[in-house]
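Data first, discussion second: the structure below is written as structure tokens.
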Amino acid sequence: MASKIILLPKEVGSLSRGLPPADVPPQPETLFVLGSNGGMSVAPDAGFTLLFGRNEPEVHVCVGGGDKRVSRRQGMVTRQYARWVLTNTGKRPIRFPDSRLVHRGDQAFLPTGYTPLFVVSSPEDHLLEVRISAARPGGTAGGPTVQEESTLGEERDLDEDEMLVLVCLAQRYLQGDPQPQPLTWAQVAYELARLQPGRNWTEKTAAHIVAGVRKKLSRVGVPGLLAKDVPSPVGNALNHNLITDLLITATIRKEDLRKLGE
């Protein structure tokens with residue numbers, strides 16, 4: 001029988017790629033949390049409160065170690081009402097991929113699948129990876145689930161130009177800006193022209209590529225990518241929703257900033 005609480009070494013790799021390998025499949029709704037120096041998995045019936053923060057001896061998962069802006073005990077994850085609940089007990093807010101902030105004393109439910117959380121700091125936010133395993137059809141657990149495969153576990157299929165333009169558009173999100181917004185088309189065109197001076201990058205070219213990706217992903221069921229899907233005024237909502245999907249599905253990652261020479 002598998003242990004209800006398991007330590008995860010930092011060598012386990014990113015949780016964005018799926019559940020860590022295990023001899024025994026985890027229970028449905030098992031919590032996996034990974035920080036800078038490893039992490040922990042907790043079964044839903046373990047009756048255990050997982051603590052995270054910068055002071056490794058006082059917490060179960062270290063995040064922001066060495067950054068005194070992050071609290072020694074920044075937060076905790078507990079099982080309440082048959083759901084995993086995040087509570088921020090620290091001074092710095094915790095940001096979800098959709099830019100929602102959880103402030104000190106506030107709580108938020110964690111969804112099934114992969115959720116990258118960011119402890120907001122300066123000049124760089126600190127990543128805390130969370131993954132909650134779902135039940136397979138029929139109520140058994142183990143391996144990628146239907147929900148994870150169809151939504152959070154699948155990277156989107158982008159070609160080289162689409163990837164470059166979208167990483168450029170989303171660079172404030174990837175850099176950990178506490179309130180990120182997509183770059184303007186003028187900024188995107190300037191960055192791309194700097195990177196590839198031999199190509200005729202324009203605002204229209206970049207916007208056309210991104211609009212094509214939104215249409216492509218909308219056809220496979222990703223919501224909020226077309227003007228008819230969001231209330232007026234639209235503003236940056238369409239590109240924000242696109243970037244959020246690409247972050248949640250791990251299609252674009254912080255390391256992709258290397259494409260921009262960062």
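Ordering of the structure tokens sets the chain letters (A, B, ...); residue numbers start at 1 within each chain; ligands are numbered from 1 in the order shown.
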
Practice item. Please return as JSON, numbers by chain: the residues of range 26-209 of chain A that backbone DSSP assigns to alpha helix (DSSP H). Key: {"A": [146, 147, 160, 161, 162, 163, 164, 165, 166, 167, 168, 169, 171, 172, 173, 174, 185, 186, 187, 188, 189, 190, 191, 192, 193, 194, 195, 203, 204, 205, 206, 207, 208, 209]}

Writer output for current selection, N, CA and C atoms, as a short mmCIF file (atom, residue, chain, number, x, y, z; two decimals), in the first residue's frame:
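Contents of result34.cif, as written:
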```cif
data_model
loop_
_atom_site.label_atom_id
_atom_site.label_comp_id
_atom_site.auth_asym_id
_atom_site.auth_seq_id
_atom_site.Cartn_x
_atom_site.Cartn_y
_atom_site.Cartn_z
N VAL A 146 -8.25 11.43 -18.27
CA VAL A 146 -8.92 12.02 -19.42
C VAL A 146 -8.93 13.54 -19.31
N GLN A 147 -9.24 14.06 -18.12
CA GLN A 147 -9.29 15.50 -17.94
C GLN A 147 -7.93 16.12 -18.15
N GLU A 160 7.32 27.43 -35.25
CA GLU A 160 8.40 28.27 -34.72
C GLU A 160 8.00 29.74 -34.66
N ASP A 161 7.37 30.24 -35.74
CA ASP A 161 6.97 31.65 -35.74
C ASP A 161 5.91 31.93 -34.68
N GLU A 162 4.93 31.03 -34.55
CA GLU A 162 3.89 31.22 -33.54
C GLU A 162 4.49 31.23 -32.15
N MET A 163 5.41 30.31 -31.89
CA MET A 163 6.04 30.24 -30.57
C MET A 163 6.83 31.53 -30.29
N LEU A 164 7.59 31.99 -31.26
CA LEU A 164 8.41 33.19 -31.05
C LEU A 164 7.53 34.40 -30.77
N VAL A 165 6.50 34.60 -31.58
CA VAL A 165 5.63 35.76 -31.39
C VAL A 165 4.92 35.70 -30.05
N LEU A 166 4.46 34.51 -29.66
CA LEU A 166 3.70 34.39 -28.41
C LEU A 166 4.60 34.52 -27.19
N VAL A 167 5.80 34.02 -27.23
CA VAL A 167 6.74 34.23 -26.12
C VAL A 167 7.03 35.72 -25.97
N CYS A 168 7.20 36.40 -27.11
CA CYS A 168 7.42 37.85 -27.07
C CYS A 168 6.21 38.56 -26.49
N LEU A 169 5.03 38.21 -26.95
CA LEU A 169 3.79 38.82 -26.47
C LEU A 169 3.61 38.60 -24.97
N GLN A 171 5.94 37.93 -22.59
CA GLN A 171 7.17 37.94 -21.80
C GLN A 171 6.99 38.51 -20.40
N ARG A 172 6.05 39.43 -20.20
CA ARG A 172 5.84 39.95 -18.85
C ARG A 172 5.28 38.88 -17.93
N TYR A 173 4.48 37.97 -18.46
CA TYR A 173 3.96 36.84 -17.68
C TYR A 173 5.11 35.90 -17.33
N LEU A 174 5.96 35.62 -18.30
CA LEU A 174 7.06 34.68 -18.09
C LEU A 174 8.13 35.27 -17.17
N TRP A 185 1.24 45.59 -29.80
CA TRP A 185 1.74 45.09 -31.09
C TRP A 185 2.97 45.86 -31.52
N ALA A 186 3.04 47.16 -31.20
CA ALA A 186 4.22 47.94 -31.54
C ALA A 186 5.45 47.42 -30.81
N GLN A 187 5.29 47.07 -29.53
CA GLN A 187 6.41 46.52 -28.76
C GLN A 187 6.83 45.16 -29.30
N VAL A 188 5.84 44.32 -29.64
CA VAL A 188 6.15 43.00 -30.19
C VAL A 188 6.91 43.14 -31.50
N ALA A 189 6.43 44.00 -32.40
CA ALA A 189 7.10 44.19 -33.68
C ALA A 189 8.53 44.69 -33.50
N TYR A 190 8.73 45.61 -32.55
CA TYR A 190 10.07 46.14 -32.29
C TYR A 190 11.01 45.03 -31.81
N GLU A 191 10.52 44.20 -30.86
CA GLU A 191 11.34 43.12 -30.32
C GLU A 191 11.69 42.11 -31.41
N LEU A 192 10.71 41.75 -32.23
CA LEU A 192 10.96 40.76 -33.28
C LEU A 192 11.92 41.29 -34.34
N ALA A 193 11.78 42.57 -34.68
CA ALA A 193 12.70 43.18 -35.66
C ALA A 193 14.12 43.22 -35.09
N ARG A 194 14.24 43.41 -33.81
CA ARG A 194 15.57 43.39 -33.18
C ARG A 194 16.18 42.01 -33.23
N LEU A 195 15.34 40.98 -33.00
CA LEU A 195 15.83 39.60 -33.00
C LEU A 195 16.13 39.08 -34.39
N GLU A 203 3.60 45.20 -37.01
CA GLU A 203 2.52 44.98 -36.05
C GLU A 203 1.44 44.08 -36.64
N LYS A 204 1.10 44.30 -37.92
CA LYS A 204 0.06 43.49 -38.57
C LYS A 204 0.47 42.04 -38.68
N THR A 205 1.74 41.80 -39.00
CA THR A 205 2.22 40.42 -39.12
C THR A 205 2.08 39.68 -37.80
N ALA A 206 2.53 40.31 -36.72
CA ALA A 206 2.44 39.67 -35.40
C ALA A 206 0.99 39.45 -34.99
N ALA A 207 0.15 40.45 -35.18
CA ALA A 207 -1.26 40.33 -34.81
C ALA A 207 -1.95 39.24 -35.61
N HIS A 208 -1.61 39.12 -36.90
CA HIS A 208 -2.21 38.09 -37.75
C HIS A 208 -1.83 36.69 -37.25
N ILE A 209 -0.58 36.50 -36.86
CA ILE A 209 -0.13 35.19 -36.37
C ILE A 209 -0.87 34.82 -35.09
#
```

Review point. Quick one: residues within 8 Å of Ser36 in chain A, only C-alpha atoms counted, chain neighbours fewer than 3 positions away excluded, as JSON, numbers by chain?
Key: {"A": [10, 62, 63, 64, 65, 127, 128]}

Practice item. Please provide the set of residues having any atom within 8 Å of Arg104 in chain A, restricted to only C-alpha atoms, with same-chain residues fewer than 6 positions apart removed, written as a list in words. Key: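 Once the nearby chain positions are removed, what remains is Thr87, Asn88, Thr89, Gly90, Lys91, Arg92 and Pro93 of chain A.
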
C-alpha atoms of the current selection, written as a compact mmCIF listing (two decimals), in the first residue's frame:
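Output (selection15.txt):
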```
# COMPACT_ATOMS: atom_id res chain seq x y z
CA THR A 87 -4.30 29.73 2.32
CA ASN A 88 -1.87 32.63 2.16
CA THR A 89 -0.36 33.22 5.60
CA GLY A 90 2.56 35.38 4.41
CA LYS A 91 3.14 39.01 3.55
CA ARG A 92 3.53 38.58 -0.21
CA PRO A 93 0.51 37.80 -2.43
```

Check your understanding: Which one of A:Thr49, A:Gln175, A:Thr115, A:Ser99 sits closest to Val130 in chain A if you count only C-alpha atoms?
Key -> A:Thr115

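Nearest to Arg214 in chain A of all the residues A:Ile243, A:Val230, A:Ile5, A:Leu110 is A:Ile243, based on only C-alpha atoms.
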
Set the distance at 12 Å and use only C-alpha atoms: which residues neighbour Leu101 in chain A once local chain neighbours fewer than 5 positions away are removed? I'd like the list as an mmCIF file with N, CA and C atoms, in the first residue's frame.
```cif
data_model
loop_
_atom_site.group_PDB
_atom_site.id
_atom_site.type_symbol
_atom_site.label_atom_id
_atom_site.label_comp_id
_atom_site.auth_asym_id
_atom_site.auth_seq_id
_atom_site.Cartn_x
_atom_site.Cartn_y
_atom_site.Cartn_z
ATOM 1 N N LEU A 86 -5.869 26.481 -0.806
ATOM 2 C CA LEU A 86 -4.665 27.261 -0.572
ATOM 3 C C LEU A 86 -4.984 28.413 0.374
ATOM 4 N N THR A 87 -4.171 28.593 1.408
ATOM 5 C CA THR A 87 -4.301 29.733 2.316
ATOM 6 C C THR A 87 -2.990 30.495 2.334
ATOM 7 N N ASN A 88 -3.064 31.799 2.099
ATOM 8 C CA ASN A 88 -1.873 32.633 2.157
ATOM 9 C C ASN A 88 -1.718 33.164 3.581
ATOM 10 N N ARG A 92 3.587 38.380 1.231
ATOM 11 C CA ARG A 92 3.527 38.576 -0.208
ATOM 12 C C ARG A 92 2.293 37.887 -0.783
ATOM 13 N N PRO A 93 1.639 38.478 -1.792
ATOM 14 C CA PRO A 93 0.512 37.800 -2.432
ATOM 15 C C PRO A 93 0.976 36.606 -3.255
ATOM 16 N N ILE A 94 0.058 35.698 -3.503
ATOM 17 C CA ILE A 94 0.311 34.528 -4.341
ATOM 18 C C ILE A 94 -0.557 34.661 -5.589
ATOM 19 N N ARG A 95 0.075 34.524 -6.749
ATOM 20 C CA ARG A 95 -0.631 34.765 -8.005
ATOM 21 C C ARG A 95 -0.928 33.463 -8.740
ATOM 22 N N PHE A 96 -2.169 33.331 -9.200
ATOM 23 C CA PHE A 96 -2.569 32.234 -10.066
ATOM 24 C C PHE A 96 -2.212 32.581 -11.514
ATOM 25 N N ASP A 106 -6.288 35.282 2.863
ATOM 26 C CA ASP A 106 -7.288 34.814 1.910
ATOM 27 C C ASP A 106 -7.058 33.359 1.548
ATOM 28 N N GLN A 107 -8.125 32.738 1.025
ATOM 29 C CA GLN A 107 -8.065 31.341 0.605
ATOM 30 C C GLN A 107 -8.546 31.207 -0.833
ATOM 31 N N ALA A 108 -8.145 30.104 -1.482
ATOM 32 C CA ALA A 108 -8.606 29.813 -2.844
ATOM 33 C C ALA A 108 -8.592 28.308 -3.049
ATOM 34 N N LEU A 117 1.764 28.286 -9.374
ATOM 35 C CA LEU A 117 1.508 29.427 -8.499
ATOM 36 C C LEU A 117 2.791 30.245 -8.371
ATOM 37 N N PHE A 118 2.627 31.549 -8.176
ATOM 38 C CA PHE A 118 3.793 32.427 -8.077
ATOM 39 C C PHE A 118 3.698 33.273 -6.811
ATOM 40 N N VAL A 119 4.714 33.165 -5.947
ATOM 41 C CA VAL A 119 4.809 34.062 -4.801
ATOM 42 C C VAL A 119 5.400 35.366 -5.324
ATOM 43 N N VAL A 120 4.623 36.431 -5.243
ATOM 44 C CA VAL A 120 5.001 37.698 -5.867
ATOM 45 C C VAL A 120 6.124 38.355 -5.067
ATOM 46 N N PRO A 178 3.975 40.932 -11.400
ATOM 47 C CA PRO A 178 2.837 40.640 -10.511
ATOM 48 C C PRO A 178 1.480 40.969 -11.118
ATOM 49 N N GLN A 179 1.414 41.896 -12.068
ATOM 50 C CA GLN A 179 0.168 42.225 -12.761
ATOM 51 C C GLN A 179 0.453 42.303 -14.257
ATOM 52 N N PRO A 180 0.695 41.156 -14.874
ATOM 53 C CA PRO A 180 1.179 41.161 -16.263
ATOM 54 C C PRO A 180 0.094 41.521 -17.265
#
```

**Study point:** Exercise: Phe32 in chain A partners within 8 Å, only C-alpha atoms, chain neighbours under 2 positions left out, as JSON, numbers by chain
**Key:** {"A": [30, 34, 39, 40, 41, 42, 130, 131, 132]}

Review point. Which residues come within 8 Å of Arg83 in chain A, counting only C-alpha atoms, excluding same-chain residues fewer than 2 positions away, as a list in words?
Key: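 That gives Arg79, Gln80, Tyr81, Val85, Phe109 and Leu110 of chain A.
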
Go ahead and write the residues just picked, N, CA and C atoms, as a PDB file, in the first residue's frame.
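Result file is part-v1.pdb:
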```pdb
ATOM      1  N   ARG A  79      -6.974  20.172   3.190  1.00  0.00           N
ATOM      2  CA  ARG A  79      -8.141  19.522   2.585  1.00  0.00           C
ATOM      3  C   ARG A  79      -9.387  19.997   3.329  1.00  0.00           C
ATOM      4  N   GLN A  80     -10.279  20.702   2.607  1.00  0.00           N
ATOM      5  CA  GLN A  80     -11.515  21.208   3.197  1.00  0.00           C
ATOM      6  C   GLN A  80     -12.658  20.983   2.221  1.00  0.00           C
ATOM      7  N   TYR A  81     -13.797  20.527   2.745  1.00  0.00           N
ATOM      8  CA  TYR A  81     -15.004  20.378   1.934  1.00  0.00           C
ATOM      9  C   TYR A  81     -14.740  19.527   0.682  1.00  0.00           C
ATOM     10  N   VAL A  85      -7.423  23.374  -0.538  1.00  0.00           N
ATOM     11  CA  VAL A  85      -7.568  24.813  -0.353  1.00  0.00           C
ATOM     12  C   VAL A  85      -6.209  25.432  -0.052  1.00  0.00           C
ATOM     13  N   PHE A 109      -9.633  27.786  -3.712  1.00  0.00           N
ATOM     14  CA  PHE A 109      -9.654  26.377  -4.070  1.00  0.00           C
ATOM     15  C   PHE A 109      -8.642  26.120  -5.179  1.00  0.00           C
ATOM     16  N   LEU A 110      -8.012  24.948  -5.132  1.00  0.00           N
ATOM     17  CA  LEU A 110      -7.065  24.541  -6.167  1.00  0.00           C
ATOM     18  C   LEU A 110      -7.761  23.579  -7.128  1.00  0.00           C
TER      19      LEU A 110
END
```

**Study point:** All residues 10 Å or closer to Phe48 in chain A, only C-alpha atoms, same chain fewer than 2 positions away omitted, as a list of chain:residue names
**Key:** A:Lys4, A:Ile5, A:Val42, A:Ala43, A:Pro44, A:Asp45, A:Ala46, A:Leu50, A:Leu51, A:Val77, A:Thr78, A:Arg79

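Restricting the calculation to only C-alpha atoms, the smallest distance between Val210 in chain A and any of A:Asp159, A:Asp125, A:Asp67, A:Glu56 is found for A:Asp159.
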
Practice item. Quick one: pull the distance between CA of Val33 in chain A and CA of Glu11 in chain A, Å, one decimal. Key: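 Here the two named atoms are 13.5 Å from each other.
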
Point to revise | CA of Pro182 in chain A to CA of Ser218 in chain A, straight-line distance in Å | key: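 The value is 18.9 Å.
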
Review point. Which residue, A:Val12, A:Leu238, A:Ala134, A:Ala170, has the smallest gap to Lys254 in chain A when you use only C-alpha atoms?
Key: A:Ala170

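Taking CA of Arg253 in chain A as the reference point, CA of Ser14 in chain A is found at 10.7 Å.
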